[in-house]
$ cat query_39.txt   # compact mmCIF, C-alpha atoms
# COMPACT_ATOMS: atom_id res chain seq x y z
CA MET A 298 12.06 -8.72 19.98
CA THR A 299 12.95 -12.28 18.88
CA VAL A 300 11.09 -14.22 16.22
CA LYS A 301 9.95 -16.80 18.81
CA ILE A 302 8.34 -14.05 20.87
CA LEU A 303 6.67 -12.59 17.77
CA VAL A 304 5.23 -15.96 16.79
CA ALA A 305 4.04 -16.61 20.36
CA LEU A 306 2.26 -13.26 20.43
CA LEU A 307 0.54 -14.06 17.16
CA MET A 308 -0.49 -17.57 18.27
CA PHE A 309 -2.18 -16.25 21.38
CA GLY A 310 -3.80 -13.30 19.60
CA THR A 311 -1.88 -10.72 21.62
CA ALA A 312 -1.42 -7.26 20.14
CA LEU A 313 2.05 -6.91 18.64
CA VAL A 314 3.04 -3.82 20.62
CA VAL A 315 6.35 -3.10 22.29
CA GLN A 316 6.27 -0.87 25.36
CA GLY A 317 7.25 2.70 24.57
CA GLN A 318 6.85 2.45 20.79
CA THR A 319 4.98 5.10 18.86
CA PRO A 320 2.12 3.97 16.59
CA LEU A 321 4.46 4.41 13.60
CA GLN A 322 7.03 2.13 15.18
CA GLU A 323 4.34 -0.41 16.18
CA MET A 324 3.11 -0.57 12.60
CA VAL A 325 6.60 -1.00 11.14
CA THR A 326 7.42 -3.66 13.73
CA THR A 327 4.26 -5.50 12.64
CA GLU A 328 5.23 -5.24 8.97
CA GLN A 329 8.65 -6.71 9.80
CA ALA A 330 7.03 -9.56 11.75
CA PHE A 331 4.75 -10.17 8.75
CA SER A 332 7.77 -10.51 6.46
CA LYS A 333 9.61 -12.70 8.94
CA MET A 334 6.67 -15.08 9.24
CA ALA A 335 6.52 -15.40 5.44
CA GLU A 336 10.20 -16.31 5.41
CA GLU A 337 10.12 -18.80 8.30
CA GLN A 338 6.71 -20.39 7.65
CA ASN A 339 5.11 -19.51 4.31
CA THR A 340 3.65 -16.53 2.50
CA ARG A 341 0.02 -17.65 2.59
CA ASP A 342 -0.10 -18.22 6.35
CA ALA A 343 1.59 -14.88 6.92
CA PHE A 344 -1.00 -13.10 4.78
CA MET A 345 -3.87 -14.89 6.51
CA THR A 346 -2.46 -13.89 9.90
CA PHE A 347 -1.90 -10.21 9.20
CA ILE A 348 -4.76 -9.27 6.85
CA ALA A 349 -7.88 -7.65 8.30
CA ASP A 350 -11.21 -9.41 7.84
CA ASP A 351 -12.16 -6.75 5.27
CA GLY A 352 -8.65 -6.44 3.84
CA LEU A 353 -8.26 -6.04 0.08
CA LEU A 354 -5.91 -7.85 -2.27
CA PHE A 355 -5.84 -7.33 -6.04
CA ARG A 356 -6.27 -10.55 -8.08
CA PRO A 357 -6.16 -8.57 -10.38
CA GLY A 358 -9.15 -6.47 -9.31
CA ALA A 359 -9.93 -5.71 -5.67
CA VAL A 360 -11.18 -8.75 -3.73
CA ASN A 361 -11.68 -9.65 -0.09
CA GLY A 362 -8.26 -11.13 0.68
CA LYS A 363 -9.26 -13.79 3.20
CA LYS A 364 -12.14 -15.03 1.07
CA TRP A 365 -9.95 -15.19 -2.04
CA MET A 366 -7.16 -17.09 -0.26
CA ASN A 367 -9.63 -19.58 1.21
CA GLU A 368 -11.07 -20.18 -2.27
CA HIS A 369 -7.63 -20.50 -3.90
CA PRO A 370 -5.49 -22.92 -1.86
CA VAL A 371 -1.81 -23.17 -2.73
CA PRO A 372 -1.23 -26.22 -4.98
CA PRO A 373 1.14 -28.93 -3.72
CA SER A 374 4.78 -28.44 -4.74
CA ASN A 375 8.18 -29.89 -3.94
CA LYS A 376 9.53 -26.33 -3.83
CA ARG A 377 9.24 -23.72 -1.11
CA PRO A 378 8.73 -20.31 -2.74
CA LEU A 379 9.96 -17.22 -0.91
CA LEU A 380 8.50 -13.73 -1.06
CA ALA A 381 10.76 -11.41 0.92
CA TRP A 382 10.18 -7.73 1.64
CA GLN A 383 11.15 -4.98 4.03
CA PRO A 384 9.64 -1.55 4.71
CA SER A 385 11.90 1.38 3.92
CA PHE A 386 9.40 4.25 4.26
CA ALA A 387 6.17 4.73 6.18
CA GLY A 388 3.56 7.28 7.19
CA MET A 389 1.15 7.56 10.11
CA ALA A 390 -2.02 9.51 10.90
CA ALA A 391 -1.95 11.98 13.78
CA SER A 392 -4.60 9.84 15.49
CA GLY A 393 -2.33 6.77 15.37
CA ASP A 394 -4.99 4.48 13.90
CA MET A 395 -4.02 4.33 10.21
CA GLY A 396 -0.72 4.28 8.37
CA PHE A 397 1.09 2.90 5.36
CA THR A 398 4.36 1.16 4.61
CA THR A 399 6.34 0.68 1.42
CA GLY A 400 9.62 -0.84 0.35
CA PRO A 401 11.28 -3.35 -1.97
CA TRP A 402 10.30 -6.98 -2.41
CA GLU A 403 11.98 -9.89 -4.14
CA ALA A 404 10.83 -13.41 -4.94
CA LYS A 405 12.48 -16.79 -5.36
CA ALA A 406 10.87 -19.87 -6.89
CA ASP A 407 12.55 -21.81 -4.10
CA ILE A 408 14.07 -20.50 -0.88
CA ASN A 409 17.34 -22.27 -1.71
CA ASP A 410 17.75 -20.50 -5.07
CA GLU A 411 20.89 -18.41 -5.25
CA LYS A 412 19.26 -15.34 -6.78
CA PRO A 413 15.75 -13.86 -6.86
CA SER A 414 13.67 -14.35 -9.99
CA ALA A 415 11.52 -11.22 -9.60
CA TYR A 416 11.67 -7.79 -7.97
CA GLY A 417 9.31 -4.98 -7.14
CA HIS A 418 7.94 -2.55 -4.56
CA PHE A 419 4.92 -2.96 -2.29
CA MET A 420 2.50 -0.52 -0.71
CA THR A 421 0.43 -1.60 2.29
CA VAL A 422 -2.21 0.30 4.26
CA TRP A 423 -2.57 -0.67 7.94
CA LYS A 424 -5.29 0.00 10.52
CA LYS A 425 -5.21 -0.45 14.26
CA GLN A 426 -7.78 -2.97 15.46
CA VAL A 427 -9.98 -2.87 18.56
CA ASP A 428 -7.59 -5.24 20.39
CA GLY A 429 -4.64 -2.89 19.74
CA SER A 430 -3.08 -5.03 17.00
CA TRP A 431 -2.29 -3.83 13.49
CA LYS A 432 -3.82 -5.51 10.44
CA PHE A 433 -3.44 -4.52 6.83
CA VAL A 434 -6.49 -3.43 4.86
CA VAL A 435 -4.95 -2.87 1.41
CA ASP A 436 -1.94 -4.43 -0.29
CA LEU A 437 -0.86 -3.53 -3.82
CA GLY A 438 2.52 -3.52 -5.49
CA ILE A 439 4.43 -3.36 -8.73
CA SER A 440 7.07 -5.48 -10.42
CA HIS A 441 10.23 -4.13 -12.06
CA PRO A 442 13.20 -5.87 -13.67
CA GLN A 443 15.93 -4.83 -11.25
CA SER A 444 16.41 -4.93 -7.49
CA GLY A 445 14.73 -2.11 -5.60
CA GLY A 446 17.32 -2.19 -2.84
CA PRO A 447 18.68 -4.52 -0.17
CA GLN A 448 16.43 -6.42 2.21
CA GLN A 449 17.64 -4.66 5.33
CA HIS A 450 16.09 -3.79 8.68
CA TRP A 451 14.75 -0.23 8.84
CA GLU A 452 14.08 1.77 11.98
CA PRO A 453 11.43 4.47 11.51
CA PRO A 454 11.96 7.88 13.06
CA ASP A 455 10.75 8.42 16.62
CA ALA A 456 7.92 10.66 15.45
CA LYS A 457 5.79 11.77 18.38
CA MET A 458 2.05 12.06 17.94
CA LYS A 459 0.02 15.06 18.92
CA GLU A 460 -1.20 14.72 22.49
CA THR A 461 -4.83 15.04 21.42
CA THR A 462 -6.60 14.75 18.11
CA LYS A 463 -10.22 15.48 17.38
CA SER A 464 -12.11 12.55 15.87
CA VAL A 465 -14.40 13.25 12.94
CA ASP A 466 -17.52 11.68 11.51
CA LEU A 467 -15.87 8.92 9.47
CA ALA A 468 -18.77 8.50 7.04
CA ILE A 469 -18.61 12.18 6.11
CA ALA A 470 -14.80 12.15 5.96
CA ARG A 471 -14.72 9.11 3.69
CA GLU A 472 -17.23 10.62 1.28
CA ALA A 473 -15.28 13.89 1.18
CA LEU A 474 -12.07 12.07 0.30
CA LEU A 475 -13.83 9.98 -2.33
CA GLU A 476 -15.21 13.20 -3.82
CA ARG A 477 -11.67 14.60 -3.90
CA ASP A 478 -10.62 11.54 -5.87
CA ARG A 479 -13.57 12.00 -8.24
CA ASN A 480 -12.56 15.63 -8.76
CA TYR A 481 -9.03 14.54 -9.59
CA SER A 482 -10.41 12.02 -12.07
CA ALA A 483 -12.49 14.73 -13.72
CA ALA A 484 -9.53 17.10 -13.79
CA THR A 485 -7.42 14.62 -15.74
CA LEU A 486 -10.01 14.77 -18.54
CA GLU A 487 -10.45 18.54 -18.38
CA ARG A 488 -6.85 19.69 -17.92
CA GLY A 489 -4.77 16.74 -18.98
CA LEU A 490 -3.04 14.08 -16.89
CA VAL A 491 0.11 16.01 -16.00
CA ARG A 492 -1.53 19.31 -15.06
CA ALA A 493 -4.10 17.52 -12.91
CA PHE A 494 -1.44 15.45 -11.19
CA VAL A 495 0.75 18.46 -10.40
CA THR A 496 -2.28 20.23 -8.92
CA TYR A 497 -3.33 17.36 -6.67
CA ALA A 498 0.01 15.74 -5.73
CA GLY A 499 2.13 16.58 -2.72
CA SER A 500 5.71 17.71 -3.23
CA ASP A 501 7.00 14.42 -1.80
CA VAL A 502 4.64 12.16 -3.78
CA ARG A 503 5.72 8.62 -4.68
CA LEU A 504 4.57 7.23 -8.02
CA TYR A 505 4.63 3.46 -8.61
CA ARG A 506 4.22 2.17 -12.16
CA ALA A 507 4.89 -1.35 -13.46
CA ASN A 508 8.33 -2.11 -14.89
CA ASN A 509 9.86 1.02 -13.35
CA LEU A 510 11.57 1.81 -10.08
CA PRO A 511 9.54 4.22 -7.93
CA TYR A 512 9.48 7.87 -8.91
CA ILE A 513 9.90 10.09 -5.86
CA GLY A 514 8.92 13.75 -5.82
CA ARG A 515 6.40 15.76 -7.82
CA ARG A 516 8.76 16.65 -10.66
CA ALA A 517 10.03 13.13 -11.34
CA SER A 518 6.53 11.71 -11.01
CA ALA A 519 5.01 14.29 -13.36
CA GLU A 520 7.68 13.60 -15.97
CA ALA A 521 6.90 9.88 -15.75
CA ILE A 522 3.16 10.46 -16.04
CA GLY A 523 3.82 12.65 -19.06
CA GLN A 524 5.06 9.56 -20.91
CA THR A 525 1.62 7.93 -20.72
CA LYS A 526 0.25 7.24 -24.20
CA GLY A 527 -3.51 7.61 -24.49
CA GLN A 528 -6.42 9.02 -22.53
CA VAL A 529 -6.66 7.86 -18.92
CA THR A 530 -9.98 7.62 -17.11
CA TRP A 531 -10.25 6.75 -13.42
CA GLN A 532 -13.25 5.16 -11.70
CA PRO A 533 -13.09 5.60 -7.89
CA ILE A 534 -14.70 2.81 -5.86
CA ALA A 535 -14.15 3.42 -2.14
CA SER A 536 -12.15 5.31 0.44
CA ASP A 537 -11.25 5.33 4.11
CA THR A 538 -9.68 7.88 6.44
CA SER A 539 -8.05 8.04 9.83
CA ARG A 540 -10.04 9.23 12.83
CA ALA A 541 -8.13 12.52 12.65
CA ASP A 542 -9.13 12.91 8.97
CA ASP A 543 -5.53 13.69 8.01
CA LEU A 544 -4.54 10.45 6.24
CA GLY A 545 -6.60 8.24 3.98
CA TYR A 546 -6.71 6.18 0.83
CA THR A 547 -8.87 5.68 -2.23
CA HIS A 548 -8.96 2.78 -4.64
CA GLY A 549 -10.61 2.13 -7.95
CA THR A 550 -10.06 1.09 -11.55
CA TYR A 551 -8.66 2.81 -14.61
CA GLU A 552 -8.62 2.49 -18.38
CA ILE A 553 -6.30 3.91 -21.02
CA ALA A 554 -7.75 4.42 -24.51
CA ASP A 555 -6.02 5.28 -27.77
CA ASP A 556 -7.09 8.03 -30.19
CA ALA A 557 -9.71 5.72 -31.67
CA LYS A 558 -11.12 5.19 -28.16
CA ASN A 559 -9.99 1.57 -28.08
CA VAL A 560 -9.06 0.48 -24.55
CA ILE A 561 -5.38 -0.51 -24.57
CA GLU A 562 -4.89 -1.00 -20.83
CA ARG A 563 -7.02 -1.69 -17.76
CA GLY A 564 -6.07 -1.98 -14.13
CA SER A 565 -6.54 -0.98 -10.51
CA TYR A 566 -5.15 1.90 -8.51
CA VAL A 567 -4.63 2.87 -4.89
CA ARG A 568 -3.84 6.40 -3.77
CA ILE A 569 -2.65 7.46 -0.35
CA TRP A 570 -3.78 10.97 0.53
CA LYS A 571 -2.52 13.27 3.26
CA LYS A 572 -3.96 16.59 4.34
CA LYS A 573 -1.51 19.48 4.00
CA ASN A 574 -2.73 22.88 5.14
CA GLY A 575 -6.23 21.44 5.19
CA ILE A 576 -6.13 20.19 1.58
CA TRP A 577 -5.95 16.53 0.54
CA ARG A 578 -2.78 15.82 -1.45
CA ILE A 579 -1.67 12.57 -3.10
CA VAL A 580 1.42 11.18 -1.38
CA MET A 581 1.42 7.74 -3.05
CA ASP A 582 -0.09 6.66 -6.36
CA VAL A 583 0.12 2.98 -7.33
CA THR A 584 -1.34 1.28 -10.39
CA ASN A 585 -1.33 -2.36 -11.42
CA THR A 586 -2.51 -3.63 -14.79
CA ASN A 587 -5.07 -6.42 -15.13
$ encode --input "query_39.txt" --output "structure tokens"
Amino acid sequence: MTVKILVALLMFGTALVVQGQTPLQEMVTTEQAFSKMAEEQNTRDAFMTFIADDGLLFRPGAVNGKKWMNEHPVPPSNKRPLLAWQPSFAGMAASGDMGFTTGPWEAKADINDEKPSAYGHFMTVWKKQVDGSWKFVVDLGISHPQSGGPQQHWEPPDAKMKETTKSVDLAIAREALLERDRNYSAATLERGLVRAFVTYAGSDVRLYRANNLPYIGRRASAEAIGQTKGQVTWQPIASDTSRADDLGYTHGTYEIADDAKNVIERGSYVRIWKKKNGIWRIVMDVTNTN
């Protein structure tokens, strides 16, 4: 699909769906169109186009993204900044209505600069809208000092969905996932951060922490978490799940206190959860300091 066609679809409000694509492929195609629009037009317009009406950004705490962008216009400049990113991994609910993408990003103060001035990784949660389009509902990322990988086109696997999935009561499902997050938060105080994490994390978990490349896998992630200095407390705020109740996310705030109970760090977190053998497991854990 060419960029001109993508832009035309967006201008006329048409769902960005290519015939024969799976929901996973549709979502990744949308993420790639999002990135392309940021490159060819500008980052703000791209975000305004692809964010859901209730979509969250972190500035630094969670805010309604559209409202925040409307209240904070981009100041005039003789430069054209570039934020470039590409998905390199993604996940999708069995019901095909919720998924997430992640991959490396890089930024330039001006699009004509020879080299990027900043690097990092993003994590974005997407939901399918009533018109069939995909909009993102959560976007949070980290910065790190080195490149997270090339900005190259990625084709997701042709993962087929189940023919039928049973929808659940979303209000009940959301509360159950939020309670799971609360239990994890309590477990970190009772058992310690590492033991709680190992208990609740999936084997393929991805851990994103500022100033570090992503940690992939339970062992690497647990070792990284073990380096945390101080007592961590989490405060869950909200959650959402897919219609199939097999994929969801939670978000909230956290504090780290030293031995004298002085707060030495505050920030926000987003966790992606996936049900494995009927039990919610963390598959992505992202924090960003205030």
$ atom_distance --input "query_39.txt" --atom1 "atom CA of Glu336 of chain A" --atom2 "atom CA of Gly358 of chain A"
26.2 Å
$ residues_around --input "query_39.txt" --residues "Tyr416 of chain A" --least-positions-apart "4" --cutoff "10 Å" --atoms "all atoms listed in the file" --output "number ranges by chain"
A: 380-382, 401-405, 439-446, 508, 510
$ residues_around --input "query_39.txt" --residues "Val567 of chain A" --least-positions-apart "5" --cutoff "6 Å" --atoms "only C-alpha atoms" --output "PyMOL selection string"
chain A and resi 547-548+583
$ closest_residue --input "query_39.txt" --among "A:Leu544, A:Met395, A:Ile534, A:Leu354" --to "Lys572 of chain A" --atoms "all atoms listed in the file"
A:Leu544
$ atom_distance --input "query_39.txt" --atom1 "atom CA of Thr586 of chain A" --atom2 "atom CA of Asn339 of chain A"
26.0 Å
$ residues_around --input "query_39.txt" --residues "Ser500 of chain A" --least-positions-apart "5" --cutoff "10 Å" --atoms "all atoms listed in the file" --output "list in words"
Val495, Ile513, Gly514, Arg515, Arg516, Ser518, Arg578, Ile579 and Val580 of chain A
$ atom_distance --input "query_39.txt" --atom1 "atom CA of His450 of chain A" --atom2 "atom CA of Thr327 of chain A"
12.6 Å
$ closest_residue --input "query_39.txt" --among "A:Ala330, A:Ile569, A:Leu475, A:Val491" --to "Gly523 of chain A" --atoms "all atoms listed in the file"
A:Val491
$ closest_residue --input "query_39.txt" --among "A:Lys571, A:Lys376, A:Gly438, A:Asp351" --to "Asp501 of chain A" --atoms "only C-alpha atoms"
A:Lys571
$ closest_residue --input "query_39.txt" --among "A:Ile561, A:Ile576, A:Leu379, A:Ala390" --to "Asp410 of chain A" --atoms "all atoms listed in the file"
A:Leu379
$ residues_around --input "query_39.txt" --residues "Pro320 of chain A" --least-positions-apart "5" --cutoff "8 Å" --atoms "only C-alpha atoms" --output "PyMOL selection string"
chain A and resi 389+393-394
$ axis_aligned_box --input "query_39.txt" --around "segment 314-328 of chain A" --padding-each-side "3 Å" --output "lines of an AutoDock Vina configuration file"
center_x = 4.8
center_y = -0.2
center_z = 17.2
size_x = 11.3
size_y = 16.6
size_z = 22.4
$ closest_residue --input "query_39.txt" --among "A:Ser385, A:Thr550, A:Ser332, A:Ser414" --to "Val529 of chain A" --atoms "all atoms listed in the file"
A:Thr550
$ residues_near_point --input "query_39.txt" --point "(-10.5, -8.7, -2.0)" --cutoff "12 Å" --atoms "all atoms listed in the file" --output "PDB file with C-alpha atoms, keeping the file's coordinate frame"
ATOM      1  CA  ILE A 348      -4.760  -9.270   6.850  1.00  0.00           C
ATOM      2  CA  ALA A 349      -7.880  -7.650   8.300  1.00  0.00           C
ATOM      3  CA  ASP A 350     -11.210  -9.410   7.840  1.00  0.00           C
ATOM      4  CA  ASP A 351     -12.160  -6.750   5.270  1.00  0.00           C
ATOM      5  CA  GLY A 352      -8.650  -6.440   3.840  1.00  0.00           C
ATOM      6  CA  LEU A 353      -8.260  -6.040   0.080  1.00  0.00           C
ATOM      7  CA  LEU A 354      -5.910  -7.850  -2.270  1.00  0.00           C
ATOM      8  CA  PHE A 355      -5.840  -7.330  -6.040  1.00  0.00           C
ATOM      9  CA  ARG A 356      -6.270 -10.550  -8.080  1.00  0.00           C
ATOM     10  CA  PRO A 357      -6.160  -8.570 -10.380  1.00  0.00           C
ATOM     11  CA  GLY A 358      -9.150  -6.470  -9.310  1.00  0.00           C
ATOM     12  CA  ALA A 359      -9.930  -5.710  -5.670  1.00  0.00           C
ATOM     13  CA  VAL A 360     -11.180  -8.750  -3.730  1.00  0.00           C
ATOM     14  CA  ASN A 361     -11.680  -9.650  -0.090  1.00  0.00           C
ATOM     15  CA  GLY A 362      -8.260 -11.130   0.680  1.00  0.00           C
ATOM     16  CA  LYS A 363      -9.260 -13.790   3.200  1.00  0.00           C
ATOM     17  CA  LYS A 364     -12.140 -15.030   1.070  1.00  0.00           C
ATOM     18  CA  TRP A 365      -9.950 -15.190  -2.040  1.00  0.00           C
ATOM     19  CA  MET A 366      -7.160 -17.090  -0.260  1.00  0.00           C
ATOM     20  CA  ASN A 367      -9.630 -19.580   1.210  1.00  0.00           C
ATOM     21  CA  GLU A 368     -11.070 -20.180  -2.270  1.00  0.00           C
ATOM     22  CA  VAL A 434      -6.490  -3.430   4.860  1.00  0.00           C
ATOM     23  CA  VAL A 435      -4.950  -2.870   1.410  1.00  0.00           C
ATOM     24  CA  ASP A 436      -1.940  -4.430  -0.290  1.00  0.00           C
ATOM     25  CA  LEU A 437      -0.860  -3.530  -3.820  1.00  0.00           C
ATOM     26  CA  HIS A 548      -8.960   2.780  -4.640  1.00  0.00           C
TER      27      HIS A 548
END
$ closest_residue --input "query_39.txt" --among "A:Ala415, A:Leu486, A:Val465, A:Met334" --to "Asp543 of chain A" --atoms "only C-alpha atoms"
A:Val465
$ residues_around --input "query_39.txt" --residues "Thr530 of chain A" --least-positions-apart "5" --cutoff "12 Å" --atoms "all atoms listed in the file" --output "count of residues only"
27
$ residues_near_point --input "query_39.txt" --point "(0.4, -2.0, 10.3)" --cutoff "9 Å" --atoms "all atoms listed in the file" --output "ChimeraX atom specification"
/A:320-321,323-328,347,395-398,421-425,430-434
